[in-house]
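K.L.:
The structure file upload01.txt (compact mmCIF, C-alpha atoms (C1' of nucleotides)) is provided below.
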# COMPACT_ATOMS: atom_id res chain seq x y z
CA MET A 1 -60.06 51.37 -47.14
CA SER A 2 -62.18 54.40 -47.79
CA THR A 3 -62.70 55.21 -51.39
CA LEU A 4 -63.82 58.30 -53.23
CA ASN A 5 -67.17 58.82 -54.82
CA PRO A 6 -67.06 60.80 -58.07
CA ASP A 7 -70.83 61.16 -58.01
CA ALA A 8 -71.01 62.69 -54.55
CA PRO A 9 -71.71 66.40 -54.29
CA GLU A 10 -68.45 66.97 -52.42
CA PRO A 11 -65.42 67.49 -54.64
CA LEU A 12 -62.86 64.68 -54.76
CA TYR A 13 -60.21 66.86 -53.14
CA GLU A 14 -62.54 67.49 -50.21
CA GLN A 15 -63.37 63.83 -49.84
CA LEU A 16 -59.68 62.96 -49.88
CA ALA A 17 -58.87 65.71 -47.39
CA THR A 18 -61.50 64.31 -45.05
CA ILE A 19 -60.07 60.81 -45.30
CA LEU A 20 -56.53 61.98 -44.61
CA ARG A 21 -57.66 64.23 -41.78
CA GLU A 22 -59.34 61.26 -40.13
CA ARG A 23 -56.27 59.11 -40.59
CA ILE A 24 -54.27 61.73 -38.74
CA ARG A 25 -56.90 62.49 -36.13
CA THR A 26 -57.39 58.83 -35.22
CA GLY A 27 -53.67 58.19 -34.98
CA GLU A 28 -53.52 55.83 -37.92
CA ILE A 29 -50.94 58.31 -39.14
CA PRO A 30 -48.96 59.13 -35.98
CA PRO A 31 -47.59 62.60 -35.19
CA ARG A 32 -44.58 63.67 -37.23
CA ARG A 33 -45.02 60.73 -39.59
CA ALA A 34 -44.95 61.19 -43.33
CA LEU A 35 -48.27 61.12 -45.10
CA PRO A 36 -48.54 59.03 -48.26
CA SER A 37 -46.61 60.75 -51.01
CA ASN A 38 -48.41 62.60 -53.71
CA ARG A 39 -47.61 59.75 -56.07
CA ARG A 40 -49.00 57.17 -53.65
CA LEU A 41 -52.20 59.13 -53.20
CA THR A 42 -52.78 59.24 -56.94
CA LEU A 43 -52.26 55.48 -57.14
CA ASP A 44 -54.24 54.56 -54.03
CA TYR A 45 -57.19 56.82 -54.65
CA GLY A 46 -57.17 57.07 -58.41
CA VAL A 47 -57.05 60.83 -58.63
CA ALA A 48 -54.87 63.24 -60.54
CA ARG A 49 -51.81 64.88 -59.01
CA GLY A 50 -53.52 68.20 -58.75
CA THR A 51 -56.43 66.73 -56.89
CA ALA A 52 -54.16 65.06 -54.32
CA LEU A 53 -52.13 68.26 -53.98
CA HIS A 54 -55.30 70.19 -53.33
CA ALA A 55 -56.39 67.78 -50.61
CA VAL A 56 -53.05 67.93 -48.83
CA ALA A 57 -52.94 71.71 -49.15
CA ILE A 58 -56.17 71.85 -47.20
CA LEU A 59 -54.69 69.81 -44.36
CA VAL A 60 -51.63 72.04 -44.32
CA GLU A 61 -53.76 75.15 -44.20
CA GLU A 62 -55.88 73.67 -41.43
CA GLY A 63 -52.75 72.88 -39.44
CA TRP A 64 -52.90 69.10 -39.58
CA ALA A 65 -49.73 68.73 -41.59
CA TYR A 66 -46.70 70.54 -42.89
CA SER A 67 -44.70 69.92 -46.02
CA VAL A 68 -40.97 69.79 -46.59
CA PRO A 69 -39.92 70.12 -50.24
CA GLY A 70 -37.89 67.14 -51.35
CA ARG A 71 -38.88 65.15 -48.27
CA GLY A 72 -42.60 64.84 -47.93
CA VAL A 73 -45.63 65.98 -46.01
CA PHE A 74 -45.75 65.20 -42.30
CA SER A 75 -48.44 65.16 -39.67
CA VAL A 76 -47.94 67.83 -37.03
CA ALA A 77 -46.65 67.10 -33.55
CA ASP A 78 -49.26 66.07 -31.03
CA ASN A 79 -49.15 69.45 -29.29
CA ASP A 80 -49.76 71.31 -32.51
CA ARG A 81 -52.90 69.49 -33.53
CA PRO A 82 -55.76 71.89 -34.39
CA ASP A 83 -58.31 69.98 -32.30
CA ARG A 84 -56.26 70.67 -29.22
CA ARG A 85 -56.87 74.39 -29.39
CA MET B 86 -53.11 98.98 -60.91
CA SER B 87 -55.81 98.44 -63.50
CA THR B 88 -58.72 96.42 -62.34
CA LEU B 89 -61.51 94.60 -64.11
CA ASN B 90 -65.07 95.73 -64.33
CA PRO B 91 -67.62 92.89 -64.26
CA ASP B 92 -70.35 95.31 -65.32
CA ALA B 93 -68.58 96.54 -68.44
CA PRO B 94 -69.81 95.29 -71.81
CA GLU B 95 -66.40 93.78 -72.61
CA PRO B 96 -65.84 90.26 -71.28
CA LEU B 97 -63.42 89.89 -68.41
CA TYR B 98 -60.99 87.89 -70.54
CA GLU B 99 -60.90 90.74 -73.06
CA GLN B 100 -60.34 93.34 -70.39
CA LEU B 101 -57.53 91.28 -68.94
CA ALA B 102 -56.01 90.69 -72.36
CA THR B 103 -56.02 94.44 -72.96
CA ILE B 104 -54.28 95.10 -69.66
CA LEU B 105 -51.59 92.50 -70.30
CA ARG B 106 -51.13 93.66 -73.89
CA GLU B 107 -50.51 97.19 -72.62
CA ARG B 108 -48.08 95.94 -70.04
CA ILE B 109 -46.10 94.29 -72.80
CA ARG B 110 -46.47 97.11 -75.31
CA THR B 111 -45.30 99.76 -72.86
CA GLY B 112 -42.35 97.69 -71.75
CA GLU B 113 -43.58 97.16 -68.22
CA ILE B 114 -43.18 93.52 -69.13
CA PRO B 115 -39.90 93.50 -71.10
CA PRO B 116 -39.27 91.28 -74.15
CA ARG B 117 -38.72 87.60 -73.40
CA ARG B 118 -39.82 88.06 -69.82
CA ALA B 119 -42.32 85.73 -68.21
CA LEU B 120 -45.83 87.01 -67.89
CA PRO B 121 -47.54 86.66 -64.51
CA SER B 122 -48.39 83.02 -63.99
CA ASN B 123 -51.92 81.82 -64.35
CA ARG B 124 -52.12 81.52 -60.59
CA ARG B 125 -50.90 85.06 -60.07
CA LEU B 126 -53.41 86.41 -62.55
CA THR B 127 -56.27 84.70 -60.75
CA LEU B 128 -55.09 86.17 -57.45
CA ASP B 129 -54.27 89.65 -58.75
CA TYR B 130 -57.37 90.13 -60.87
CA GLY B 131 -59.88 87.95 -59.07
CA VAL B 132 -60.86 85.83 -62.03
CA ALA B 133 -61.12 82.10 -62.57
CA ARG B 134 -58.32 80.06 -64.10
CA GLY B 135 -60.16 79.63 -67.34
CA THR B 136 -60.69 83.34 -67.71
CA ALA B 137 -56.98 84.09 -67.19
CA LEU B 138 -56.03 81.31 -69.59
CA HIS B 139 -58.38 82.77 -72.17
CA ALA B 140 -56.84 86.22 -71.86
CA VAL B 141 -53.31 84.91 -72.27
CA ALA B 142 -54.37 82.71 -75.18
CA ILE B 143 -55.49 85.84 -76.98
CA LEU B 144 -52.08 87.45 -76.54
CA VAL B 145 -50.40 84.32 -77.84
CA GLU B 146 -52.66 84.22 -80.86
CA GLU B 147 -52.02 87.90 -81.52
CA GLY B 148 -48.30 87.31 -81.35
CA TRP B 149 -47.55 89.22 -78.19
CA ALA B 150 -46.48 86.17 -76.24
CA TYR B 151 -45.52 82.54 -76.58
CA SER B 152 -45.78 79.70 -74.13
CA VAL B 153 -43.14 77.16 -73.15
CA PRO B 154 -44.48 73.87 -71.78
CA GLY B 155 -43.57 73.37 -68.15
CA ARG B 156 -42.13 76.89 -67.86
CA GLY B 157 -44.59 79.61 -68.53
CA VAL B 158 -45.70 82.25 -71.02
CA PHE B 159 -43.20 84.83 -72.24
CA SER B 160 -43.43 88.12 -74.06
CA VAL B 161 -42.02 87.94 -77.58
CA ALA B 162 -38.65 89.35 -78.59
CA ASP B 163 -38.63 93.00 -79.54
CA ASN B 164 -38.30 92.20 -83.24
CA ASP B 165 -41.29 89.91 -83.20
CA ARG B 166 -43.75 92.38 -81.76
CA PRO B 167 -46.96 92.65 -83.79
CA ASP B 168 -46.96 96.45 -83.77
CA ARG B 169 -43.67 96.44 -85.61
CA ARG B 170 -45.13 94.96 -88.72
C1' DT C 171 -17.98 62.07 -55.90
C1' DG C 172 -21.94 61.87 -58.67
C1' DA C 173 -25.87 59.90 -60.91
C1' DA C 174 -30.53 58.30 -60.33
C1' DA C 175 -34.80 58.19 -58.02
C1' DT C 176 -38.29 60.44 -55.04
C1' DT C 177 -41.04 64.18 -53.53
C1' DT C 178 -42.91 68.66 -53.41
C1' DG C 179 -44.02 72.78 -55.96
C1' DT C 180 -45.22 75.23 -60.01
C1' DG C 181 -46.49 75.93 -64.80
C1' DC C 182 -49.69 75.43 -68.96
C1' DG C 183 -53.41 72.95 -71.78
C1' DT C 184 -57.64 70.68 -71.98
C1' DA C 185 -62.25 68.83 -70.84
C1' DT C 186 -66.51 68.79 -68.32
C1' DG C 187 -70.37 70.53 -65.62
C1' DT C 188 -73.06 74.33 -63.82
C1' DA C 189 -74.99 78.89 -63.69
C1' DT C 190 -75.97 83.26 -65.75
C1' DT C 191 -77.05 86.46 -69.34
C1' DG D 192 -79.09 78.48 -78.45
C1' DA D 193 -74.66 81.07 -77.71
C1' DA D 194 -71.26 83.44 -75.00
C1' DT D 195 -69.33 84.26 -70.61
C1' DA D 196 -67.56 82.78 -66.15
C1' DC D 197 -66.71 79.76 -62.40
C1' DA D 198 -65.24 75.26 -60.27
C1' DT D 199 -63.54 70.85 -60.72
C1' DA D 200 -60.48 67.36 -62.61
C1' DC D 201 -57.43 65.26 -65.74
C1' DG D 202 -52.72 65.25 -67.98
C1' DC D 203 -48.01 66.56 -68.96
C1' DA D 204 -43.57 69.29 -68.35
C1' DC D 205 -39.89 71.74 -65.69
C1' DA D 206 -37.51 72.91 -61.37
C1' DA D 207 -35.45 72.38 -56.80
C1' DA D 208 -34.54 69.77 -52.62
C1' DT D 209 -33.59 65.47 -50.71
C1' DT D 210 -32.47 60.70 -50.40
C1' DT D 211 -30.40 56.61 -52.08
C1' DC D 212 -27.09 53.96 -54.44
With the file now loaded, output its structure as structure tokens.

P.N.:
Amino acid sequence: MSTLNPDAPEPLYEQLATILRERIRTGEIPPRRALPSNRRLTLDYGVARGTALHAVAILVEEGWAYSVPGRGVFSVADNDRPDRR
Amino acid sequence: MSTLNPDAPEPLYEQLATILRERIRTGEIPPRRALPSNRRLTLDYGVARGTALHAVAILVEEGWAYSVPGRGVFSVADNDRPDRR
DNA sequence: TGAAATTTGTGCGTATGTATT
DNA sequence: GAATACATACGCACAAATTTC
């Protein structure tokens, strides 16, 4: 499992966004499947809530995922993937 | 809307504190009403989080506002306003 | 019915590091 | 060195929506 490097020049939220983006892009997280919850991300990657929120917000803004309050954050449908444009 | 001047001798947090103080004093922000959130202030005035926090902290210290954990920062009740003393 | 747990979103407070003046 | 300002990151609290029991 990829881990984060606090000493790297890239911010933790960017590193985490990159990891999650790859997990979606490669299909490890299939289309329309829930991403790990915010809580899980903090536990799995050892970051604060805000940091995990920031990472996911980047994916949402980039079009890799969408969030549903009370439910979770989901990877977009195959046809909606940004790298298909 | 008042804006901030990075070239002025007064620090940005002081300029912002002055603006918010006026907005309370004039009643534009009524008593016991929530001030703009930290996030809103950063967006509206183009400053960093810390700068907006600093400005609001000044108002709290002066007695123009009080903060409620998990909720926000609110203008004081009419009777508690510093200019009434 | 409804209470509890989960999840996302938002809010403030604080600390640290970097750059600038 | 001190003050200002930005970015990053941690922590904790409150709210609303949803799911589960």

K.L.:
Between atom C1' of D:DA198 and atom CA of B:Ala133, what is the distance in Å, rounded to a tenth?

P.N.:
8.3 Å

K.L.:
By how many Å are atom CA of A:Arg25 and atom CA of A:Arg81 apart?

P.N.:
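Value for the atom CA of A:Arg25-atom CA of A:Arg81 distance: 8.5 Å.
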
K.L.:
Quick one: residues within 12 Å of A:Leu41, all atoms listed in the file counted, chain neighbours fewer than 5 positions away excluded, as a VMD selection string?

P.N.:
chain A and resid 3 to 4 13 16 to 17 19 to 20 35 to 36 46 to 56 73

K.L.:
Set out as JSON lines a contact list for chain A and chain D with a cut-off of 7 Å, giving each residue of chain A that qualifies its closest atom pair and distance in Å to one decimal, counting all atoms listed in the file, ordered by chain and rising residue number.

P.N.:
{"residue": "A:Ala48", "atom": "CA", "partner": "D:DC201", "partner_atom": "C1'", "distance": 6.1}
{"residue": "A:Pro69", "atom": "CA", "partner": "D:DA208", "partner_atom": "C1'", "distance": 5.9}
{"residue": "A:Gly70", "atom": "CA", "partner": "D:DA208", "partner_atom": "C1'", "distance": 4.4}
{"residue": "A:Arg71", "atom": "CA", "partner": "D:DT209", "partner_atom": "C1'", "distance": 5.8}

K.L.:
Taking the point (-46.2, 96.0, -85.7) as given in the file, collect each protein or nucleic acid residue that comes within 12 Å of it, counting all atoms listed in the file, and present the set as an MDAnalysis selection string.

P.N.:
chainID B and resid 110 147:149 163:170

K.L.:
Save out the residues we just selected, C-alpha atoms, as a short mmCIF file (atom, residue, chain, number, x, y, z; two decimals), in the coordinates of the input.

P.N.:
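As a result, selection-v6.cif now contains:
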data_model
loop_
_atom_site.label_atom_id
_atom_site.label_comp_id
_atom_site.auth_asym_id
_atom_site.auth_seq_id
_atom_site.Cartn_x
_atom_site.Cartn_y
_atom_site.Cartn_z
CA ARG B 110 -46.47 97.11 -75.31
CA GLU B 147 -52.02 87.90 -81.52
CA GLY B 148 -48.30 87.31 -81.35
CA TRP B 149 -47.55 89.22 -78.19
CA ASP B 163 -38.63 93.00 -79.54
CA ASN B 164 -38.30 92.20 -83.24
CA ASP B 165 -41.29 89.91 -83.20
CA ARG B 166 -43.75 92.38 -81.76
CA PRO B 167 -46.96 92.65 -83.79
CA ASP B 168 -46.96 96.45 -83.77
CA ARG B 169 -43.67 96.44 -85.61
CA ARG B 170 -45.13 94.96 -88.72
#

K.L.:
In Å, how far is it from atom CA of B:Glu107 to atom C1' of C:DT180?

P.N.:
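Between these atoms lies a distance of 25.9 Å.
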
K.L.:
Near chain B, which residues of chain C fall within 12 Å when you count all atoms listed in the file, and what do they look like as a count of residues only?

P.N.:
7
